[in-house]
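Enquirer: Sharing a structure below in structure tokens format, with a few things to ask.
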Amino acid sequence: MDDKNCSTKGKIEKDILKDRWPDRPGWDGLAKTIETLAKACGGSAQCHKKYEYLSVSLETRGMPEAQVNALWALAELVEQVSDAEDHGDQSTVHWVRQTLVSSKR
């Protein structure tokens with residue numbers, strides 16, 4: 001890759017992950033959450049931008065069914081919350097977005 005086109009050259013992994021989607025507030029938090037939980041369960045998750053939402057790919061082989069179901073439910077929620085479409089003030093998506101904005105951890 002041409003060095004002048006590589007925006008992550010010289011950055012540490014933490015900074016690269018922080019800069020994944022600078023134009024999408026909350027996406028890094030959503031991605032880190034599911035990636036961390038999948039790893040803790042013995043699987044993996046990869047998040048990437050697809051159209052206007054955050055797409056989640058899971059690797060769950062060998063995991064107990066309850067963990068697989070929980071991760072798939074979380075993956076679906078991550079995708080819905082990252083969608084740019086307005087879902088209304090009473091939706092779960094709205095609640096999660098508000099929670100992400102108000103939690104500054």
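Identifiers for the structure tokens are assigned positionally: chains receive A, B, ... in sequence, residues are indexed from 1 per chain, and ligands are indexed from 1 in the order shown.
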Give me the residues near Ile34 of chain A as a PDB file with N, CA and C atoms, in the first residue's frame, where near means some atom within 10 Å (using only C-alpha atoms) and where sequence neighbours in that chain fewer than 5 positions away do not count.

Expert:
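File around03.pdb, as written:
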```pdb
ATOM      1  N   GLY A  29     -18.186   2.328  20.133  1.00  0.00           N
ATOM      2  CA  GLY A  29     -18.667   1.706  21.369  1.00  0.00           C
ATOM      3  C   GLY A  29     -19.458   0.441  21.100  1.00  0.00           C
ATOM      4  N   LYS A  39     -15.401 -12.405  22.064  1.00  0.00           N
ATOM      5  CA  LYS A  39     -14.096 -12.960  22.452  1.00  0.00           C
ATOM      6  C   LYS A  39     -14.172 -13.632  23.823  1.00  0.00           C
ATOM      7  N   ALA A  40     -14.879 -13.017  24.760  1.00  0.00           N
ATOM      8  CA  ALA A  40     -15.024 -13.587  26.108  1.00  0.00           C
ATOM      9  C   ALA A  40     -15.769 -14.917  26.076  1.00  0.00           C
ATOM     10  N   SER A  44     -15.684 -14.836  17.965  1.00  0.00           N
ATOM     11  CA  SER A  44     -15.168 -13.560  17.483  1.00  0.00           C
ATOM     12  C   SER A  44     -16.269 -12.814  16.742  1.00  0.00           C
ATOM     13  N   ALA A  45     -16.097 -11.514  16.685  1.00  0.00           N
ATOM     14  CA  ALA A  45     -17.019 -10.648  15.944  1.00  0.00           C
ATOM     15  C   ALA A  45     -16.187  -9.639  15.178  1.00  0.00           C
ATOM     16  N   GLN A  46     -16.597  -9.372  13.952  1.00  0.00           N
ATOM     17  CA  GLN A  46     -15.969  -8.335  13.157  1.00  0.00           C
ATOM     18  C   GLN A  46     -17.066  -7.372  12.720  1.00  0.00           C
ATOM     19  N   CYS A  47     -16.787  -6.095  12.910  1.00  0.00           N
ATOM     20  CA  CYS A  47     -17.764  -5.067  12.542  1.00  0.00           C
ATOM     21  C   CYS A  47     -17.212  -4.236  11.393  1.00  0.00           C
ATOM     22  N   VAL A  56     -22.355  -6.723  11.425  1.00  0.00           N
ATOM     23  CA  VAL A  56     -21.632  -7.581  12.360  1.00  0.00           C
ATOM     24  C   VAL A  56     -21.552  -8.994  11.793  1.00  0.00           C
ATOM     25  N   LEU A  58     -20.256 -12.814  12.867  1.00  0.00           N
ATOM     26  CA  LEU A  58     -19.907 -13.590  14.059  1.00  0.00           C
ATOM     27  C   LEU A  58     -19.314 -14.939  13.697  1.00  0.00           C
ATOM     28  N   LEU A  71     -25.383 -13.564  21.490  1.00  0.00           N
ATOM     29  CA  LEU A  71     -24.557 -12.770  20.585  1.00  0.00           C
ATOM     30  C   LEU A  71     -25.308 -12.379  19.321  1.00  0.00           C
ATOM     31  N   TRP A  72     -26.115 -13.288  18.783  1.00  0.00           N
ATOM     32  CA  TRP A  72     -26.903 -12.942  17.585  1.00  0.00           C
ATOM     33  C   TRP A  72     -27.930 -11.858  17.902  1.00  0.00           C
ATOM     34  N   LEU A  74     -27.587  -9.535  20.204  1.00  0.00           N
ATOM     35  CA  LEU A  74     -26.824  -8.300  20.338  1.00  0.00           C
ATOM     36  C   LEU A  74     -26.374  -7.788  18.966  1.00  0.00           C
ATOM     37  N   ALA A  75     -25.968  -8.681  18.071  1.00  0.00           N
ATOM     38  CA  ALA A  75     -25.557  -8.281  16.728  1.00  0.00           C
ATOM     39  C   ALA A  75     -26.708  -7.594  15.997  1.00  0.00           C
ATOM     40  N   VAL A  78     -27.111  -4.137  17.486  1.00  0.00           N
ATOM     41  CA  VAL A  78     -26.033  -3.262  17.020  1.00  0.00           C
ATOM     42  C   VAL A  78     -26.343  -2.750  15.616  1.00  0.00           C
TER      43      VAL A  78
END
```

Enquirer: When you look at Arg97 of chain A with a cut-off of 9 Å (counting only C-alpha atoms), what residues show up, excluding the ones that are within fewer than 6 positions of it in the same chain? I need them as a list in words.

Expert: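 Listing them by chain and then by number gives Gly26, Val81 and Ser82 of chain A.
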
Enquirer: Of the residues A:Val93, A:Ala38, A:Asp23, A:Gln98, which is the one nearest to Met63 of chain A, using only C-alpha atoms?

Expert: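 Comparing A:Val93, A:Ala38, A:Asp23, A:Gln98 against Met63 of chain A, the winner is A:Ala38.
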
Enquirer: From the list A:Ser57, A:His48, A:Pro25, A:Thr99, which residue is nearest Glu76 of chain A when using only C-alpha atoms?

Expert: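 Once distances to Glu76 of chain A are computed over only C-alpha atoms, the minimum belongs to A:Ser57.
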
Enquirer: Could you state the separation of atom CA of Glu52 of chain A and atom CA of Ala84 of chain A in Å, given to one decimal place?

Expert: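 About the pair atom CA of Glu52 of chain A and atom CA of Ala84 of chain A: they are 6.2 Å apart.
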
Enquirer: Any chance you could list, as a PyMOL selection string, the residues in segment 14-98 of chain A that come up helix (DSSP H, G or I) when DSSP is run on the backbone?

Expert: chain A and resi 14-18+27-40+65-82+92-98

Enquirer: Expressed in Å to a single decimal, how great is the separation between atom CA of Gly43 of chain A and atom CA of Pro64 of chain A?

Expert: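 Separation between atom CA of Gly43 of chain A and atom CA of Pro64 of chain A: 10.5 Å.
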
Enquirer: Identify which of the residues A:Leu54, A:Pro22, A:Ala66, A:Trp95 lies closest to Gln80 of chain A, counting only C-alpha atoms when measuring atom-to-atom distances.

Expert: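 Smallest distance to Gln80 of chain A is found for A:Leu54.
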
Enquirer: Using only C-alpha atoms, which of the listed residues (A:Gly62, A:Thr92, A:Trp27, A:Leu37) sits closest to Leu77 of chain A?

Expert: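 Among the listed residues, A:Thr92 lies closest to Leu77 of chain A.
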